[in-house]
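Colleague: I am sharing model.txt, which consists of compact mmCIF, C-alpha atoms:
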```txt
# COMPACT_ATOMS: atom_id res chain seq x y z
CA MET M 1 5.93 8.18 28.37
CA ALA M 2 6.48 5.18 26.09
CA THR M 3 3.77 3.27 27.93
CA ILE M 4 1.34 6.14 27.56
CA MET M 5 2.10 6.32 23.83
CA ARG M 6 1.45 2.61 23.42
CA LEU M 7 -1.82 2.75 25.33
CA THR M 8 -2.87 5.79 23.32
CA GLY M 9 -2.18 3.90 20.11
CA MET M 10 -4.24 0.97 21.33
CA ARG M 11 -7.06 3.33 22.30
CA LEU M 12 -7.03 5.01 18.92
CA ARG M 13 -7.21 1.65 17.20
CA GLY M 14 -10.23 0.76 19.27
CA ALA M 15 -8.39 -2.07 21.03
CA LEU M 16 -9.51 -0.97 24.48
CA GLY M 17 -13.20 -0.87 23.63
CA ASP M 18 -15.49 1.97 24.61
CA GLY M 19 -15.59 3.30 28.13
CA ASP M 20 -19.35 3.50 28.49
CA PRO M 21 -21.11 0.27 27.51
CA ALA M 22 -24.34 2.18 27.00
CA ALA M 23 -22.76 4.63 24.57
CA PRO M 24 -22.90 3.93 20.83
CA PRO M 25 -19.70 2.35 19.55
CA THR M 26 -17.16 4.75 18.15
CA PRO M 27 -15.19 3.72 15.09
CA PRO M 28 -11.44 3.27 15.46
CA ARG M 29 -9.54 6.41 14.55
CA LEU M 30 -6.43 4.61 13.37
CA PRO M 31 -6.26 1.60 11.08
CA PRO M 32 -6.46 -1.51 13.23
CA ARG M 33 -3.27 -3.44 13.78
CA ARG M 34 -2.97 -6.28 11.28
CA HIS M 35 -4.40 -9.40 12.78
CA ASP M 36 -3.35 -12.86 11.63
CA PRO M 37 -6.08 -15.32 12.55
CA ASN M 38 -3.69 -18.16 11.71
CA TRP M 39 -0.86 -16.80 13.82
CA SER M 40 -0.76 -19.66 16.30
CA ALA M 41 -1.04 -22.40 13.68
CA ARG M 42 1.59 -20.65 11.55
CA VAL M 43 4.06 -20.43 14.44
CA LYS M 44 3.59 -24.12 15.17
CA ALA M 45 4.00 -25.04 11.49
CA PHE M 46 7.30 -23.17 11.32
CA ALA M 47 8.38 -24.78 14.59
CA ARG M 48 7.83 -28.20 13.06
CA LEU M 49 10.10 -27.14 10.20
CA THR M 50 12.96 -25.68 12.21
CA MET M 51 12.95 -27.55 15.52
CA THR M 52 13.38 -31.20 16.34
CA GLU M 53 10.53 -33.03 18.01
CA GLU M 54 12.45 -33.00 21.26
CA GLU M 55 13.02 -29.25 21.00
CA GLN M 56 9.35 -28.67 20.27
CA ALA M 57 8.41 -30.71 23.33
CA ARG M 58 10.75 -28.71 25.58
CA TRP M 59 10.63 -25.25 24.03
CA LEU M 60 7.03 -24.64 23.01
CA MET K 1 19.03 10.83 14.86
CA ALA K 2 18.83 7.96 17.29
CA VAL K 3 18.43 8.67 20.94
CA THR K 4 21.41 7.14 22.65
CA PRO K 5 20.44 6.01 26.11
CA PRO K 6 22.96 5.52 28.88
CA PRO K 7 24.81 2.22 28.99
CA PRO K 8 23.18 -0.70 30.81
CA THR K 9 22.50 -0.03 34.42
CA ALA K 10 24.80 -1.31 37.09
CA ALA K 11 22.05 -3.74 38.09
CA ALA K 12 21.89 -5.19 34.60
CA ALA K 13 25.63 -5.36 34.30
CA ALA K 14 25.97 -6.92 37.70
CA ALA K 15 23.31 -9.50 37.00
CA ALA K 16 25.04 -12.82 36.99
CA PRO K 17 22.35 -15.44 36.76
CA ARG K 18 23.60 -18.93 36.16
CA ARG K 19 20.22 -20.36 35.18
CA VAL K 20 17.68 -18.39 33.19
CA VAL K 21 14.51 -18.81 31.22
CA PHE K 22 15.19 -17.75 27.63
CA TRP K 23 11.87 -16.34 26.39
CA TYR K 24 12.45 -16.30 22.65
CA GLY K 25 8.94 -15.19 21.69
CA CYS K 26 6.69 -16.74 19.08
CA ASN K 27 7.77 -15.83 15.55
CA MET K 28 11.31 -16.94 16.33
CA ALA K 29 9.97 -20.41 15.59
CA ARG K 30 10.99 -19.57 12.01
CA HIS K 31 14.59 -19.42 13.16
CA GLY K 32 15.17 -22.47 15.32
CA GLU K 33 18.89 -22.21 14.71
CA ILE K 34 19.01 -18.79 16.43
CA VAL K 35 17.27 -20.20 19.52
CA ARG K 36 19.76 -23.06 19.49
CA LEU K 37 22.76 -20.75 19.01
CA VAL K 38 21.71 -18.29 21.72
CA THR K 39 21.34 -21.20 24.12
CA ARG K 40 24.80 -22.50 23.25
CA ILE K 41 26.40 -19.07 23.46
CA LEU K 42 24.80 -18.37 26.85
CA ASP K 43 25.95 -21.77 28.04
CA ALA K 44 29.47 -20.97 26.89
CA VAL K 45 29.51 -17.83 29.05
CA GLY K 46 28.23 -19.72 32.06
CA VAL K 47 24.47 -19.27 31.80
CA ALA K 48 22.21 -22.32 31.51
CA ALA K 49 19.23 -21.18 29.50
CA ALA K 50 15.91 -22.98 29.20
CA PRO K 51 14.22 -21.75 26.01
CA VAL K 52 10.45 -21.23 26.02
CA GLY K 53 8.23 -19.58 23.47
CA GLY K 54 5.48 -20.08 20.94
CA PRO K 55 1.78 -19.40 21.43
CA ALA K 56 1.80 -20.96 24.91
CA TYR K 57 4.12 -18.18 26.11
CA CYS K 58 2.53 -15.27 24.29
CA CYS K 59 3.04 -11.68 25.43
CA GLY K 60 -0.27 -10.70 23.87
CA SER K 61 1.26 -8.72 21.04
CA PRO K 62 -0.35 -10.77 18.21
CA GLN K 63 -3.72 -9.98 19.76
CA GLU K 64 -3.10 -6.29 20.42
CA GLY K 65 -6.23 -5.44 18.45
CA ASN K 66 -8.19 -6.69 21.42
CA ALA K 67 -6.71 -5.60 24.72
CA ARG K 68 -8.82 -8.03 26.74
CA ILE K 69 -7.50 -11.09 24.89
CA ALA K 70 -3.96 -9.72 24.83
CA GLY K 71 -4.11 -9.07 28.55
CA ALA K 72 -5.34 -12.57 29.32
CA MET K 73 -2.56 -14.10 27.22
CA GLY K 74 0.06 -12.00 28.95
CA GLN K 75 -1.34 -12.89 32.35
CA ARG K 76 -1.19 -16.61 31.57
CA THR K 77 2.44 -16.27 30.52
CA MET K 78 3.30 -14.36 33.67
CA GLN K 79 1.75 -17.11 35.78
CA LYS K 80 3.92 -19.68 34.00
CA PHE K 81 7.07 -17.65 34.57
CA ASN K 82 6.20 -17.13 38.23
CA ALA K 83 5.49 -20.83 38.66
CA ALA K 84 8.82 -21.72 37.03
CA THR K 85 10.59 -19.29 39.33
CA ALA K 86 8.87 -20.72 42.40
CA ALA K 87 9.66 -24.29 41.35
CA ALA K 88 13.31 -23.45 40.85
CA ALA K 89 13.49 -21.70 44.21
CA GLY K 90 11.81 -24.66 45.88
CA SER K 91 14.26 -27.09 44.35
CA GLY K 92 17.17 -25.15 45.78
CA GLU K 93 18.91 -25.14 42.42
CA ASP K 94 22.02 -23.03 42.47
CA GLY K 95 21.36 -19.72 40.80
CA GLY K 96 17.63 -20.33 40.41
CA ASN K 97 15.54 -19.43 37.42
CA GLY K 98 14.77 -15.97 38.71
CA THR K 99 15.64 -14.28 35.46
CA VAL K 100 13.66 -14.20 32.25
CA VAL K 101 15.86 -13.30 29.31
CA THR K 102 13.99 -11.78 26.40
CA TRP K 103 14.78 -11.75 22.71
CA CYS K 104 11.82 -10.09 21.06
CA PRO K 105 11.37 -6.34 21.55
CA SER K 106 7.58 -6.68 21.53
CA CYS K 107 7.73 -9.26 24.30
CA HIS K 108 10.17 -7.12 26.26
CA MET K 109 8.02 -3.99 25.95
CA ASN K 110 4.83 -5.85 26.74
CA MET K 111 6.48 -7.27 29.82
CA ASP K 112 7.40 -3.75 30.95
CA ASP K 113 4.22 -1.98 29.95
CA LEU K 114 1.38 -4.42 30.21
CA MET K 115 2.30 -7.71 31.86
CA ALA K 116 4.39 -6.85 34.92
CA PRO K 117 2.10 -3.98 35.98
CA VAL K 118 -0.83 -6.42 36.09
CA THR K 119 0.79 -9.58 37.46
CA GLU K 120 3.65 -8.98 39.83
CA PRO K 121 6.72 -10.78 38.52
CA ALA K 122 8.74 -12.99 40.81
CA PHE K 123 11.68 -12.64 38.48
CA GLU K 124 13.93 -10.09 36.86
CA THR K 125 13.79 -9.40 33.13
CA LEU K 126 16.89 -8.83 31.04
CA HIS K 127 17.29 -8.57 27.31
CA VAL K 128 19.67 -11.13 25.85
CA THR K 129 21.96 -8.36 24.60
CA GLU K 130 22.25 -6.97 28.14
CA LEU K 131 23.14 -10.36 29.55
CA LEU K 132 25.74 -11.15 26.89
CA HIS K 133 27.16 -7.66 27.15
CA ALA K 134 27.48 -8.07 30.92
CA ARG K 135 29.37 -11.30 30.25
CA ARG K 136 31.48 -10.05 27.39
CA ASP K 137 34.66 -10.69 29.38
CA ARG K 138 33.80 -14.39 29.18
CA LEU K 139 32.58 -14.17 25.60
CA ALA K 140 35.60 -12.45 24.10
CA PRO K 141 38.10 -15.32 24.58
CA LEU K 142 35.66 -17.67 22.84
CA LEU K 143 35.57 -15.58 19.66
CA THR K 144 38.68 -17.09 18.18
CA ARG K 145 37.82 -17.46 14.50
CA PRO K 146 38.22 -14.35 12.39
CA VAL K 147 35.15 -13.25 10.45
CA ALA K 148 36.28 -11.10 7.55
CA ALA K 149 33.31 -8.83 7.01
CA ARG K 150 32.36 -5.18 6.67
CA VAL K 151 29.21 -5.15 8.73
CA LEU K 152 26.38 -2.64 8.71
CA LEU K 153 23.95 -3.02 11.58
CA HIS K 154 20.27 -2.94 10.62
CA ALA K 155 19.12 -0.63 13.41
CA HIS K 156 15.74 0.78 14.40
CA HIS K 157 14.87 3.83 16.43
CA GLY K 158 12.15 2.27 18.49
CA PHE K 159 13.50 -0.18 21.03
CA ASN K 160 16.82 1.49 21.65
CA GLY K 161 15.32 3.73 24.34
CA ARG K 162 14.39 0.65 26.35
CA VAL K 163 17.47 -1.45 25.78
CA ALA K 164 20.44 0.12 24.04
CA VAL K 165 20.66 -2.61 21.40
CA ASN K 166 22.13 -0.20 18.86
CA SER K 167 25.25 0.06 20.99
CA LEU K 168 25.20 -3.28 22.84
CA VAL K 169 25.19 -5.37 19.66
CA PRO K 170 28.01 -3.40 18.01
CA ASP K 171 30.02 -3.72 21.22
CA LEU K 172 29.64 -7.50 21.01
CA LEU K 173 30.44 -7.63 17.30
CA ARG K 174 33.60 -5.56 17.83
CA LEU K 175 34.93 -8.47 19.89
CA ILE K 176 35.10 -10.60 16.74
CA PRO K 177 38.53 -10.67 15.13
CA GLY K 178 38.63 -9.57 11.53
CA LEU K 179 35.21 -7.93 11.63
CA ALA K 180 34.84 -4.24 10.77
CA LEU K 181 31.70 -2.37 11.68
CA VAL K 182 30.72 0.44 9.37
CA GLU K 183 28.74 3.43 10.55
CA HIS K 184 25.70 4.96 8.91
CA PRO K 185 23.15 7.33 10.44
CA TYR K 186 20.10 5.58 8.99
CA ARG K 187 17.74 4.09 11.56
CA ALA K 188 14.55 2.40 10.42
CA PRO K 189 11.34 3.57 12.10
CA GLY K 190 9.59 1.54 14.76
CA HIS K 191 11.14 -1.13 16.94
CA MET K 192 11.47 -3.81 14.25
CA CYS K 193 10.37 -4.41 10.69
CA ALA K 194 7.17 -6.42 11.15
CA PRO K 195 4.98 -3.50 12.24
CA LEU K 196 6.09 -1.54 9.15
CA ALA K 197 4.36 -4.09 6.94
CA GLY K 198 1.02 -2.71 8.14
CA VAL K 199 1.76 0.76 6.79
CA PRO K 200 1.56 0.94 2.99
CA GLY K 201 5.00 1.52 1.52
CA ALA K 202 6.80 1.76 4.86
CA LEU K 203 8.65 -1.53 4.71
CA ALA K 204 9.70 -0.99 1.11
CA ALA K 205 10.93 2.50 1.98
CA ALA K 206 12.92 1.16 4.93
CA GLN K 207 14.47 -1.51 2.76
CA GLN K 208 15.37 0.98 0.04
CA ALA K 209 17.04 3.17 2.66
CA THR K 210 18.89 0.12 3.98
CA LEU K 211 20.10 -0.76 0.48
CA ALA K 212 21.31 2.81 0.05
CA ALA K 213 23.16 2.65 3.37
CA ILE K 214 24.82 -0.61 2.35
CA ALA K 215 25.96 0.94 -0.91
CA GLU K 216 27.23 4.13 0.74
CA THR K 217 29.25 2.24 3.33
CA ALA K 218 30.45 -0.49 0.96
CA ALA K 219 29.31 -3.02 3.53
CA ASP K 220 29.40 -6.65 2.51
CA THR K 221 27.26 -7.85 5.42
CA LEU K 222 23.98 -6.61 6.80
CA ALA K 223 23.51 -7.72 10.40
CA THR K 224 19.96 -7.81 11.66
CA VAL K 225 19.20 -7.46 15.35
CA PHE K 226 15.72 -8.97 15.53
CA HIS K 227 13.98 -11.93 13.93
CA SER K 228 11.25 -9.97 12.20
CA CYS K 229 13.82 -7.76 10.50
CA HIS K 230 15.78 -10.84 9.54
CA ARG K 231 12.90 -12.55 7.84
CA GLU K 232 12.20 -9.45 5.76
CA ALA K 233 15.83 -8.55 5.06
CA VAL K 234 17.03 -11.95 3.86
CA SER K 235 15.23 -11.45 0.56
CA LEU K 236 17.48 -8.44 -0.12
CA GLU K 237 20.16 -10.96 -1.08
CA ARG K 238 18.19 -11.93 -4.18
CA GLY K 239 19.41 -10.89 -7.58
CA GLY K 240 23.06 -11.41 -6.79
CA ARG K 241 23.49 -8.32 -4.66
CA PRO K 242 27.04 -8.16 -3.30
CA PHE K 243 26.30 -8.62 0.38
CA ARG K 244 24.91 -11.21 2.72
CA VAL K 245 22.28 -10.86 5.41
CA VAL K 246 22.96 -12.45 8.77
CA ASN K 247 21.73 -12.01 12.29
CA TRP K 248 24.19 -10.74 14.89
CA VAL K 249 23.97 -14.12 16.63
CA HIS K 250 25.11 -15.82 13.43
CA LEU K 251 28.26 -13.70 13.47
CA LEU K 252 29.04 -14.59 17.09
CA ALA K 253 28.48 -18.26 16.22
CA GLU K 254 30.86 -18.05 13.25
CA ALA K 255 33.53 -16.54 15.46
CA MET K 256 33.01 -19.30 18.02
CA GLY K 257 33.06 -22.02 15.39
CA LEU K 258 29.49 -23.06 16.07
CA PRO K 259 27.96 -24.57 12.94
CA TYR K 260 24.53 -23.40 11.82
CA THR K 261 22.32 -23.22 8.78
CA ASP K 262 20.00 -20.30 8.15
CA ASP K 263 17.22 -22.46 6.75
CA TYR K 264 14.67 -19.66 6.62
CA LYS K 265 16.93 -17.59 4.36
CA ALA K 266 17.62 -20.55 2.12
CA TRP K 267 13.93 -21.34 1.78
CA ARG K 268 12.85 -17.74 1.30
CA ASN K 269 15.37 -17.16 -1.46
CA ALA K 270 14.99 -20.49 -3.22
CA ALA K 271 13.48 -20.56 -6.68
CA ASP K 272 11.29 -23.36 -5.41
CA PRO K 273 10.84 -23.08 -1.62
CA ARG K 274 8.91 -26.34 -1.48
CA ALA K 275 11.81 -28.23 -3.02
CA ALA K 276 14.27 -26.42 -0.78
CA VAL K 277 12.36 -27.42 2.35
CA GLY K 278 12.49 -31.04 1.24
CA ALA K 279 10.22 -34.00 1.64
CA ALA K 280 11.16 -34.91 5.21
CA ARG K 281 10.45 -31.49 6.63
CA LEU K 282 7.30 -31.12 4.54
CA GLU K 283 6.07 -34.29 6.14
CA ALA K 284 6.99 -32.97 9.59
CA ALA K 285 5.10 -29.72 9.03
CA GLY K 286 2.18 -31.42 7.35
CA GLU K 287 1.31 -30.87 3.71
CA ALA K 288 -1.86 -28.90 4.39
CA ALA K 289 -0.24 -26.67 7.01
CA PHE K 290 2.76 -26.01 4.79
CA THR K 291 0.62 -25.12 1.79
CA ARG K 292 -1.73 -22.85 3.71
CA LEU K 293 0.48 -21.30 6.37
CA VAL K 294 4.12 -21.44 5.29
CA GLU K 295 4.45 -21.53 1.53
CA PRO K 296 2.73 -18.20 0.79
CA GLU K 297 5.19 -16.43 3.09
CA LEU K 298 8.21 -18.14 1.57
CA ARG K 299 7.05 -17.24 -1.95
CA ARG K 300 6.19 -13.62 -1.09
CA PRO K 301 8.23 -11.22 -3.22
CA PRO K 302 10.50 -8.81 -1.36
CA PRO K 303 8.97 -5.39 -0.71
CA ALA K 304 12.03 -3.52 -1.99
```
Let me see the file written as structure tokens.

Modeller:
Amino acid sequence: MATIMRLTGMRLRGALGDGDPAAPPTPPRLPPRRHDPNWSARVKAFARLTMTEEEQARWL
Amino acid sequence: MAVTPPPPTAAAAAAAPRRVVFWYGCNMARHGEIVRLVTRILDAVGVAAAPVGGPAYCCGSPQEGNARIAGAMGQRTMQKFNAATAAAAGSGEDGGNGTVVTWCPSCHMNMDDLMAPVTEPAFETLHVTELLHARRDRLAPLLTRPVAARVLLHAHHGFNGRVAVNSLVPDLLRLIPGLALVEHPYRAPGHMCAPLAGVPGALAAAQQATLAAIAETAADTLATVFHSCHREAVSLERGGRPFRVVNWVHLLAEAMGLPYTDDYKAWRNAADPRAAVGAARLEAAGEAAFTRLVEPELRRPPPA
């Protein structure tokens, strides 16, 4: 049930795309999940602040 | 009212891996000391943990707006875990690396819902609370230093149906001498605080309810379960409020005498986060990256 709920949420946000590629696109019916385009760079910047170089080399 | 699932299964409780991969997620990079402490605590109860995380081990959650990208990221991570498992099995290491221990509820749920159904795992997945709870007989004798605190757990509804963190964590904290857990029925919505930030007013409302619960229970310590809650909750300390915010791992560490510094909390609550971070770490992060990616978050006012 939890999985179905999660997939439904993704569908309603438009994350799964439209089933029929020939059909006109349908707008998402829920606000899209916040997307951070700098997520990866931000994670690495914080890692450089909180982890030693050796830890970064082994843990990231 | 929280749904209280049954206690951990016999399989989880019986799991006795001696070597595991500790998949700490990505945003835990803000809390290097928690990764370090979990590794030390697991080691102390007889589990050698190899931490991995960051963008190279993504579950796909940060890209959930595009299922195709999220799926590809999750698949890549599964392939790495399977390869690590195969390498450990091939080396004949005692205990193997056939267990991936999760921290982040998003990672754990994505593993269950989206990753494992697509790429067959060659390993078992356990949440870190399940593993420590299963080893609590070894943990208890190590918790020798009293921690005088009235602790309220910052609990959410969402993840507890998957892993009973709202009872597993209190069980672990009750092992600490001198610590008193206080009860309150409030449970924040969702599985952790980060997703609430996307709903106008939701995070502020959750924090106001948490503040009310602290006042009603006369707690002097708010214990977060997950990293995303921790990074939002630490700012509740501002203004001289009469409680501290710690993660449950911090409390175990204090009872074990493991030193740590919650740098993220110090930086987030500093009048000048840049000065608090200091020149050496600024140089390590890179001036441009710090200014663009880190400093705005550290200077963000608390929602509540």

Colleague: Near Leu142 (chain K), counting only C-alpha atoms, which residues have an atom at most 8 Å away, once you skip same-chain residues fewer than 2 positions from it, shown as JSON, numbers by chain?

Modeller: {"K": [138, 139, 140, 144, 255, 256]}

Colleague: Extract, using only C-alpha atoms, all DNA, RNA and protein residues at most 7 Å from Asp262 (chain K), discarding same-chain residues fewer than 3 positions from it, and format them as a list of chain:residue names.

Modeller: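 Skipping anything fewer than 3 positions along the chain leaves K:Glu33, K:Lys265, K:Ala266.
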
Colleague: With distances taken over all atoms listed in the file, which of M:Asn38, M:Phe46, M:Trp59, M:Glu54 is nearest to Trp267 (chain K)?

Modeller: M:Phe46

Colleague: With 8 Å as the limit and counting all atoms listed in the file, what residues in chain K lie close to chain M? Please list them as a ChimeraX atom specification.

Modeller: /K:26-27,29-33,50-57,62-68,113,198,263,281-282,284-286,289-290,293-294

Colleague: Please report the interatomic distance between CA of Gln75 (chain K) and CA of Gly60 (chain K) in Å with one decimal.

Modeller: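 Interatomic distance, CA of Gln75 (chain K) to CA of Gly60 (chain K): 8.8 Å.
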
Colleague: Between CA of Arg19 (chain K) and CA of Asp43 (chain K), what is the distance, to one decimal in Å?

Modeller: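 Those two atoms sit 9.3 Å apart.
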
Colleague: Report, in Å to a single decimal, how far apart CA of Pro200 (chain K) and CA of Val245 (chain K) are.

Modeller: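 Interatomic distance here is 24.0 Å.
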